[in-house]
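Below is the file model11.cif, which contains mmCIF, N, CA and C atoms.
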```cif
data_run
loop_
_atom_site.label_atom_id
_atom_site.label_comp_id
_atom_site.auth_asym_id
_atom_site.auth_seq_id
_atom_site.Cartn_x
_atom_site.Cartn_y
_atom_site.Cartn_z
N MET A 1 0.06 -1.27 -59.40
CA MET A 1 0.43 -1.37 -58.02
C MET A 1 -0.52 -0.48 -57.21
N LYS A 2 -0.92 -0.97 -56.03
CA LYS A 2 -1.81 -0.22 -55.15
C LYS A 2 -1.06 0.17 -53.89
N GLY A 3 -1.47 1.29 -53.30
CA GLY A 3 -0.88 1.74 -52.04
C GLY A 3 -1.95 2.34 -51.14
N LEU A 4 -1.72 2.23 -49.84
CA LEU A 4 -2.63 2.79 -48.85
C LEU A 4 -2.05 4.09 -48.33
N LEU A 5 -2.86 5.12 -48.31
CA LEU A 5 -2.48 6.43 -47.81
C LEU A 5 -3.31 6.75 -46.58
N LEU A 6 -2.64 7.00 -45.45
CA LEU A 6 -3.33 7.48 -44.26
C LEU A 6 -3.49 8.99 -44.46
N LEU A 7 -4.67 9.41 -44.85
CA LEU A 7 -4.92 10.78 -45.28
C LEU A 7 -5.48 11.62 -44.14
N SER A 8 -4.79 12.71 -43.85
CA SER A 8 -5.26 13.66 -42.84
C SER A 8 -5.73 14.91 -43.54
N SER A 9 -6.13 15.90 -42.76
CA SER A 9 -6.56 17.17 -43.35
C SER A 9 -5.40 18.15 -43.43
N GLY A 10 -4.21 17.70 -43.09
CA GLY A 10 -3.01 18.55 -43.15
C GLY A 10 -2.40 18.55 -44.54
N ILE A 11 -1.16 18.97 -44.64
CA ILE A 11 -0.50 19.10 -45.93
C ILE A 11 0.38 17.90 -46.27
N ASP A 12 0.96 17.24 -45.28
CA ASP A 12 1.94 16.19 -45.55
C ASP A 12 1.37 14.98 -46.27
N SER A 13 0.26 14.45 -45.79
CA SER A 13 -0.27 13.23 -46.40
C SER A 13 -0.82 13.46 -47.81
N PRO A 14 -1.49 14.58 -48.10
CA PRO A 14 -1.89 14.78 -49.50
C PRO A 14 -0.70 14.91 -50.45
N VAL A 15 0.38 15.54 -49.99
CA VAL A 15 1.58 15.66 -50.82
C VAL A 15 2.16 14.27 -51.06
N ALA A 16 2.23 13.45 -50.00
CA ALA A 16 2.74 12.08 -50.15
C ALA A 16 1.86 11.29 -51.12
N GLY A 17 0.54 11.44 -51.00
CA GLY A 17 -0.37 10.76 -51.91
C GLY A 17 -0.18 11.20 -53.35
N ASN A 18 0.01 12.48 -53.55
CA ASN A 18 0.23 13.00 -54.89
C ASN A 18 1.52 12.43 -55.49
N LEU A 19 2.57 12.34 -54.68
CA LEU A 19 3.83 11.77 -55.15
C LEU A 19 3.64 10.29 -55.52
N MET A 20 2.85 9.58 -54.74
CA MET A 20 2.57 8.17 -55.04
C MET A 20 1.85 8.04 -56.37
N ILE A 21 0.85 8.88 -56.56
CA ILE A 21 0.06 8.84 -57.79
C ILE A 21 0.92 9.19 -58.99
N ASP A 22 1.81 10.18 -58.83
CA ASP A 22 2.73 10.56 -59.91
C ASP A 22 3.64 9.41 -60.32
N LYS A 23 3.91 8.50 -59.38
CA LYS A 23 4.76 7.34 -59.68
C LYS A 23 3.96 6.14 -60.19
N GLY A 24 2.67 6.34 -60.42
CA GLY A 24 1.84 5.30 -61.01
C GLY A 24 1.16 4.38 -60.02
N VAL A 25 1.15 4.73 -58.76
CA VAL A 25 0.50 3.91 -57.74
C VAL A 25 -0.98 4.26 -57.67
N GLU A 26 -1.84 3.24 -57.65
CA GLU A 26 -3.27 3.47 -57.43
C GLU A 26 -3.47 3.64 -55.93
N VAL A 27 -3.85 4.83 -55.52
CA VAL A 27 -3.91 5.16 -54.10
C VAL A 27 -5.32 4.92 -53.54
N ILE A 28 -5.35 4.19 -52.44
CA ILE A 28 -6.56 4.01 -51.64
C ILE A 28 -6.29 4.75 -50.34
N ALA A 29 -7.17 5.68 -49.98
CA ALA A 29 -6.93 6.52 -48.81
C ALA A 29 -7.84 6.13 -47.65
N LEU A 30 -7.28 6.27 -46.46
CA LEU A 30 -8.02 6.03 -45.23
C LEU A 30 -7.85 7.24 -44.33
N HIS A 31 -8.97 7.81 -43.91
CA HIS A 31 -8.95 8.92 -42.96
C HIS A 31 -9.51 8.44 -41.64
N LEU A 32 -8.75 8.61 -40.59
CA LEU A 32 -9.16 8.19 -39.26
C LEU A 32 -9.66 9.40 -38.49
N ARG A 33 -10.91 9.33 -38.08
CA ARG A 33 -11.52 10.47 -37.38
C ARG A 33 -11.25 10.39 -35.89
N ALA A 34 -10.68 11.47 -35.37
CA ALA A 34 -10.45 11.58 -33.93
C ALA A 34 -11.62 12.31 -33.28
N HIS A 35 -12.39 13.06 -34.06
CA HIS A 35 -13.57 13.76 -33.56
C HIS A 35 -14.54 13.94 -34.72
N ASP A 36 -15.78 14.18 -34.41
CA ASP A 36 -16.81 14.31 -35.43
C ASP A 36 -16.88 15.75 -35.91
N ASP A 37 -16.29 16.02 -37.04
CA ASP A 37 -16.23 17.37 -37.59
C ASP A 37 -16.53 17.29 -39.09
N GLU A 38 -17.74 17.67 -39.45
CA GLU A 38 -18.17 17.57 -40.85
C GLU A 38 -17.30 18.43 -41.77
N LYS A 39 -16.84 19.56 -41.28
CA LYS A 39 -15.99 20.44 -42.08
C LYS A 39 -14.67 19.75 -42.43
N GLU A 40 -14.09 19.05 -41.45
CA GLU A 40 -12.84 18.32 -41.70
C GLU A 40 -13.07 17.16 -42.68
N ASN A 41 -14.19 16.46 -42.51
CA ASN A 41 -14.50 15.36 -43.42
C ASN A 41 -14.63 15.85 -44.85
N GLN A 42 -15.26 17.00 -45.04
CA GLN A 42 -15.40 17.56 -46.38
C GLN A 42 -14.04 17.99 -46.93
N LYS A 43 -13.19 18.54 -46.07
CA LYS A 43 -11.84 18.95 -46.50
C LYS A 43 -11.05 17.74 -46.98
N VAL A 44 -11.13 16.65 -46.23
CA VAL A 44 -10.42 15.42 -46.60
C VAL A 44 -10.97 14.87 -47.92
N THR A 45 -12.28 14.88 -48.08
CA THR A 45 -12.89 14.42 -49.32
C THR A 45 -12.43 15.26 -50.51
N ASP A 46 -12.39 16.57 -50.33
CA ASP A 46 -11.94 17.47 -51.39
C ASP A 46 -10.46 17.24 -51.73
N LEU A 47 -9.63 17.05 -50.70
CA LEU A 47 -8.20 16.77 -50.93
C LEU A 47 -8.02 15.48 -51.72
N ALA A 48 -8.78 14.45 -51.34
CA ALA A 48 -8.68 13.16 -52.03
C ALA A 48 -9.04 13.30 -53.51
N LYS A 49 -10.11 14.03 -53.80
CA LYS A 49 -10.51 14.25 -55.19
C LYS A 49 -9.44 15.04 -55.94
N LYS A 50 -8.90 16.04 -55.28
CA LYS A 50 -7.92 16.92 -55.92
C LYS A 50 -6.66 16.18 -56.33
N ILE A 51 -6.21 15.25 -55.51
CA ILE A 51 -4.97 14.54 -55.85
C ILE A 51 -5.22 13.28 -56.68
N GLY A 52 -6.48 12.88 -56.84
CA GLY A 52 -6.81 11.75 -57.70
C GLY A 52 -6.87 10.40 -57.00
N VAL A 53 -7.26 10.39 -55.75
CA VAL A 53 -7.40 9.14 -55.00
C VAL A 53 -8.56 8.33 -55.58
N LYS A 54 -8.34 7.03 -55.79
CA LYS A 54 -9.37 6.16 -56.37
C LYS A 54 -10.48 5.86 -55.38
N SER A 55 -10.13 5.56 -54.14
CA SER A 55 -11.11 5.21 -53.11
C SER A 55 -10.74 5.88 -51.80
N LEU A 56 -11.74 6.39 -51.09
CA LEU A 56 -11.52 7.03 -49.80
C LEU A 56 -12.43 6.38 -48.77
N PHE A 57 -11.83 5.96 -47.66
CA PHE A 57 -12.57 5.35 -46.58
C PHE A 57 -12.37 6.16 -45.30
N PHE A 58 -13.39 6.15 -44.46
CA PHE A 58 -13.34 6.82 -43.16
C PHE A 58 -13.48 5.76 -42.07
N ALA A 59 -12.67 5.89 -41.03
CA ALA A 59 -12.78 5.01 -39.86
C ALA A 59 -12.76 5.88 -38.62
N ASP A 60 -13.52 5.47 -37.64
CA ASP A 60 -13.62 6.23 -36.40
C ASP A 60 -12.70 5.60 -35.35
N HIS A 61 -11.76 6.38 -34.86
CA HIS A 61 -10.91 5.86 -33.79
C HIS A 61 -10.97 6.75 -32.55
N ARG A 62 -12.13 7.36 -32.35
CA ARG A 62 -12.32 8.26 -31.20
C ARG A 62 -12.17 7.53 -29.87
N LYS A 63 -12.73 6.34 -29.75
CA LYS A 63 -12.65 5.63 -28.47
C LYS A 63 -11.20 5.32 -28.10
N ALA A 64 -10.44 4.87 -29.07
CA ALA A 64 -9.03 4.59 -28.81
C ALA A 64 -8.28 5.88 -28.49
N HIS A 65 -8.57 6.93 -29.23
CA HIS A 65 -7.92 8.22 -29.02
C HIS A 65 -8.21 8.75 -27.61
N GLU A 66 -9.45 8.65 -27.19
CA GLU A 66 -9.84 9.10 -25.84
C GLU A 66 -9.16 8.26 -24.77
N ALA A 67 -9.07 6.95 -25.01
CA ALA A 67 -8.47 6.05 -24.01
C ALA A 67 -7.00 6.35 -23.78
N TYR A 68 -6.22 6.49 -24.85
CA TYR A 68 -4.80 6.77 -24.61
C TYR A 68 -4.58 8.20 -24.18
N ALA A 69 -5.48 9.11 -24.52
CA ALA A 69 -5.35 10.48 -24.05
C ALA A 69 -5.56 10.58 -22.54
N MET A 70 -6.48 9.75 -22.02
CA MET A 70 -6.78 9.78 -20.59
C MET A 70 -5.81 8.95 -19.76
N LYS A 71 -5.35 7.83 -20.30
CA LYS A 71 -4.62 6.86 -19.50
C LYS A 71 -3.10 6.86 -19.71
N CYS A 72 -2.63 7.48 -20.75
CA CYS A 72 -1.21 7.38 -21.09
C CYS A 72 -0.49 8.72 -20.93
N ASN A 73 0.79 8.64 -20.82
CA ASN A 73 1.63 9.82 -20.75
C ASN A 73 1.46 10.62 -22.04
N PRO A 74 1.11 11.90 -21.96
CA PRO A 74 0.90 12.72 -23.16
C PRO A 74 2.12 12.77 -24.07
N ARG A 75 3.27 12.52 -23.49
CA ARG A 75 4.51 12.50 -24.26
C ARG A 75 4.47 11.46 -25.39
N PHE A 76 3.72 10.39 -25.16
CA PHE A 76 3.68 9.29 -26.11
C PHE A 76 2.41 9.27 -26.96
N ALA A 77 1.64 10.34 -26.93
CA ALA A 77 0.36 10.38 -27.64
C ALA A 77 0.52 10.11 -29.13
N CYS A 78 1.51 10.71 -29.76
CA CYS A 78 1.71 10.51 -31.21
C CYS A 78 2.08 9.08 -31.53
N ILE A 79 2.84 8.46 -30.66
CA ILE A 79 3.24 7.06 -30.88
C ILE A 79 2.01 6.16 -30.80
N PHE A 80 1.18 6.37 -29.77
CA PHE A 80 -0.03 5.56 -29.63
C PHE A 80 -0.99 5.80 -30.79
N CYS A 81 -1.13 7.04 -31.20
CA CYS A 81 -2.02 7.37 -32.31
C CYS A 81 -1.57 6.65 -33.59
N LYS A 82 -0.29 6.70 -33.88
CA LYS A 82 0.26 6.05 -35.07
C LYS A 82 0.04 4.53 -34.99
N ARG A 83 0.24 3.97 -33.81
CA ARG A 83 0.06 2.54 -33.63
C ARG A 83 -1.39 2.12 -33.88
N ILE A 84 -2.32 2.92 -33.38
CA ILE A 84 -3.74 2.65 -33.60
C ILE A 84 -4.07 2.75 -35.11
N MET A 85 -3.53 3.77 -35.75
CA MET A 85 -3.78 3.93 -37.20
C MET A 85 -3.31 2.71 -37.96
N LEU A 86 -2.13 2.22 -37.65
CA LEU A 86 -1.59 1.07 -38.36
C LEU A 86 -2.39 -0.20 -38.06
N ARG A 87 -2.91 -0.31 -36.85
CA ARG A 87 -3.71 -1.48 -36.50
C ARG A 87 -5.04 -1.48 -37.25
N ILE A 88 -5.63 -0.30 -37.40
CA ILE A 88 -6.91 -0.19 -38.12
C ILE A 88 -6.69 -0.54 -39.58
#
```
Take the structure in the file and give it back as structure tokens.
Amino acid sequence: MKGLLLLSSGIDSPVAGNLMIDKGVEVIALHLRAHDDEKENQKVTDLAKKIGVKSLFFADHRKAHEAYAMKCNPRFACIFCKRIMLRI
């Protein structure tokens, strides 16, 4: 069985990925970049290796992030961000 992990540089998504892998799921990870930060990209790559992710992909969603940050109520920023992630 395969599963998709939306992998961030925080603690929650790597823990979720590790739990998936422990249950026998082949994890494919996707990291969505909100800004160009090589240090964060390396951290995500290291986390993916550490938990045993089979494949790691990066996608840039800066334009979408900037658009909803400028045009939308900041109260709903997390909702729009999640929606964009799921669409990608």
Pick from A:Ala34, A:Leu56, A:Ile51, A:Met1, whichever lies nearest to Asn18 in chain A using all atoms listed in the file = A:Ile51
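If only C-alpha atoms are the atoms counted, then among A:Phe76, A:Leu32, A:Ile84, A:Ser9 the closest residue to Phe58 in chain A is A:Leu32.
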Rank nothing, just name the residue among A:Asp46, A:Asp37, A:Glu26, A:Val15 nearest to Lys2 in chain A, using all atoms listed in the file.
-> A:Glu26
Quick one: pick out all alpha helix (DSSP H) residues within range 11-52 of chain A from a backbone DSSP run and write them as a list of chain:residue names.
-> A:Asp12, A:Ser13, A:Pro14, A:Val15, A:Ala16, A:Gly17, A:Asn18, A:Leu19, A:Met20, A:Ile21, A:Asp22, A:Glu38, A:Lys39, A:Glu40, A:Asn41, A:Gln42, A:Lys43, A:Val44, A:Thr45, A:Asp46, A:Leu47, A:Ala48, A:Lys49, A:Lys50, A:Ile51
Have a look at CA of Ala29 in chain A and CA of Leu4 in chain A and let me know their distance in Å, one decimal.
-> 5.7 Å
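With the shown file loaded, the PyMOL selection byres ((chain A and resi 28) around 8) picks out Lys2, Gly3, Leu4, Leu5, Leu6, Leu7, Val25, Glu26, Val27, Ala29, Leu30, His31, Gly52, Val53, Lys54, Ser55, Leu56 and Phe57 of chain A.
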Any chance you can output those residues with N, CA and C atoms as a PDB file, in the frame of the given file?
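Okay, this is what ended up in result02.pdb:
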```
ATOM      1  N   LYS A   2      -0.920  -0.970 -56.030  1.00  0.00           N
ATOM      2  CA  LYS A   2      -1.810  -0.220 -55.150  1.00  0.00           C
ATOM      3  C   LYS A   2      -1.060   0.170 -53.890  1.00  0.00           C
ATOM      4  N   GLY A   3      -1.470   1.290 -53.300  1.00  0.00           N
ATOM      5  CA  GLY A   3      -0.880   1.740 -52.040  1.00  0.00           C
ATOM      6  C   GLY A   3      -1.950   2.340 -51.140  1.00  0.00           C
ATOM      7  N   LEU A   4      -1.720   2.230 -49.840  1.00  0.00           N
ATOM      8  CA  LEU A   4      -2.630   2.790 -48.850  1.00  0.00           C
ATOM      9  C   LEU A   4      -2.050   4.090 -48.330  1.00  0.00           C
ATOM     10  N   LEU A   5      -2.860   5.120 -48.310  1.00  0.00           N
ATOM     11  CA  LEU A   5      -2.480   6.430 -47.810  1.00  0.00           C
ATOM     12  C   LEU A   5      -3.310   6.750 -46.580  1.00  0.00           C
ATOM     13  N   LEU A   6      -2.640   7.000 -45.450  1.00  0.00           N
ATOM     14  CA  LEU A   6      -3.330   7.480 -44.260  1.00  0.00           C
ATOM     15  C   LEU A   6      -3.490   8.990 -44.460  1.00  0.00           C
ATOM     16  N   LEU A   7      -4.670   9.410 -44.850  1.00  0.00           N
ATOM     17  CA  LEU A   7      -4.920  10.780 -45.280  1.00  0.00           C
ATOM     18  C   LEU A   7      -5.480  11.620 -44.140  1.00  0.00           C
ATOM     19  N   VAL A  25       1.150   4.730 -58.760  1.00  0.00           N
ATOM     20  CA  VAL A  25       0.500   3.910 -57.740  1.00  0.00           C
ATOM     21  C   VAL A  25      -0.980   4.260 -57.670  1.00  0.00           C
ATOM     22  N   GLU A  26      -1.840   3.240 -57.650  1.00  0.00           N
ATOM     23  CA  GLU A  26      -3.270   3.470 -57.430  1.00  0.00           C
ATOM     24  C   GLU A  26      -3.470   3.640 -55.930  1.00  0.00           C
ATOM     25  N   VAL A  27      -3.850   4.830 -55.520  1.00  0.00           N
ATOM     26  CA  VAL A  27      -3.910   5.160 -54.100  1.00  0.00           C
ATOM     27  C   VAL A  27      -5.320   4.920 -53.540  1.00  0.00           C
ATOM     28  N   ALA A  29      -7.170   5.680 -49.980  1.00  0.00           N
ATOM     29  CA  ALA A  29      -6.930   6.520 -48.810  1.00  0.00           C
ATOM     30  C   ALA A  29      -7.840   6.130 -47.650  1.00  0.00           C
ATOM     31  N   LEU A  30      -7.280   6.270 -46.460  1.00  0.00           N
ATOM     32  CA  LEU A  30      -8.020   6.030 -45.230  1.00  0.00           C
ATOM     33  C   LEU A  30      -7.850   7.240 -44.330  1.00  0.00           C
ATOM     34  N   HIS A  31      -8.970   7.810 -43.910  1.00  0.00           N
ATOM     35  CA  HIS A  31      -8.950   8.920 -42.960  1.00  0.00           C
ATOM     36  C   HIS A  31      -9.510   8.440 -41.640  1.00  0.00           C
ATOM     37  N   GLY A  52      -6.480  12.880 -56.840  1.00  0.00           N
ATOM     38  CA  GLY A  52      -6.810  11.750 -57.700  1.00  0.00           C
ATOM     39  C   GLY A  52      -6.870  10.400 -57.000  1.00  0.00           C
ATOM     40  N   VAL A  53      -7.260  10.390 -55.750  1.00  0.00           N
ATOM     41  CA  VAL A  53      -7.400   9.140 -55.000  1.00  0.00           C
ATOM     42  C   VAL A  53      -8.560   8.330 -55.580  1.00  0.00           C
ATOM     43  N   LYS A  54      -8.340   7.030 -55.790  1.00  0.00           N
ATOM     44  CA  LYS A  54      -9.370   6.160 -56.370  1.00  0.00           C
ATOM     45  C   LYS A  54     -10.480   5.860 -55.380  1.00  0.00           C
ATOM     46  N   SER A  55     -10.130   5.560 -54.140  1.00  0.00           N
ATOM     47  CA  SER A  55     -11.110   5.210 -53.110  1.00  0.00           C
ATOM     48  C   SER A  55     -10.740   5.880 -51.800  1.00  0.00           C
ATOM     49  N   LEU A  56     -11.740   6.390 -51.090  1.00  0.00           N
ATOM     50  CA  LEU A  56     -11.520   7.030 -49.800  1.00  0.00           C
ATOM     51  C   LEU A  56     -12.430   6.380 -48.770  1.00  0.00           C
ATOM     52  N   PHE A  57     -11.830   5.960 -47.660  1.00  0.00           N
ATOM     53  CA  PHE A  57     -12.570   5.350 -46.580  1.00  0.00           C
ATOM     54  C   PHE A  57     -12.370   6.160 -45.300  1.00  0.00           C
TER      55      PHE A  57
END
```
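Reported to one decimal place, the separation of CA of Lys82 in chain A from CA of Met70 in chain A is 16.5 Å.
Using all atoms listed in the file for every distance, the candidate list A:Glu38, A:Ala48, A:Ala64, A:Arg33 yields A:Ala48 as the residue closest to Pro14 in chain A.
Counting from CA of Ile88 in chain A, the distance to CA of Ser13 in chain A is 17.1 Å.
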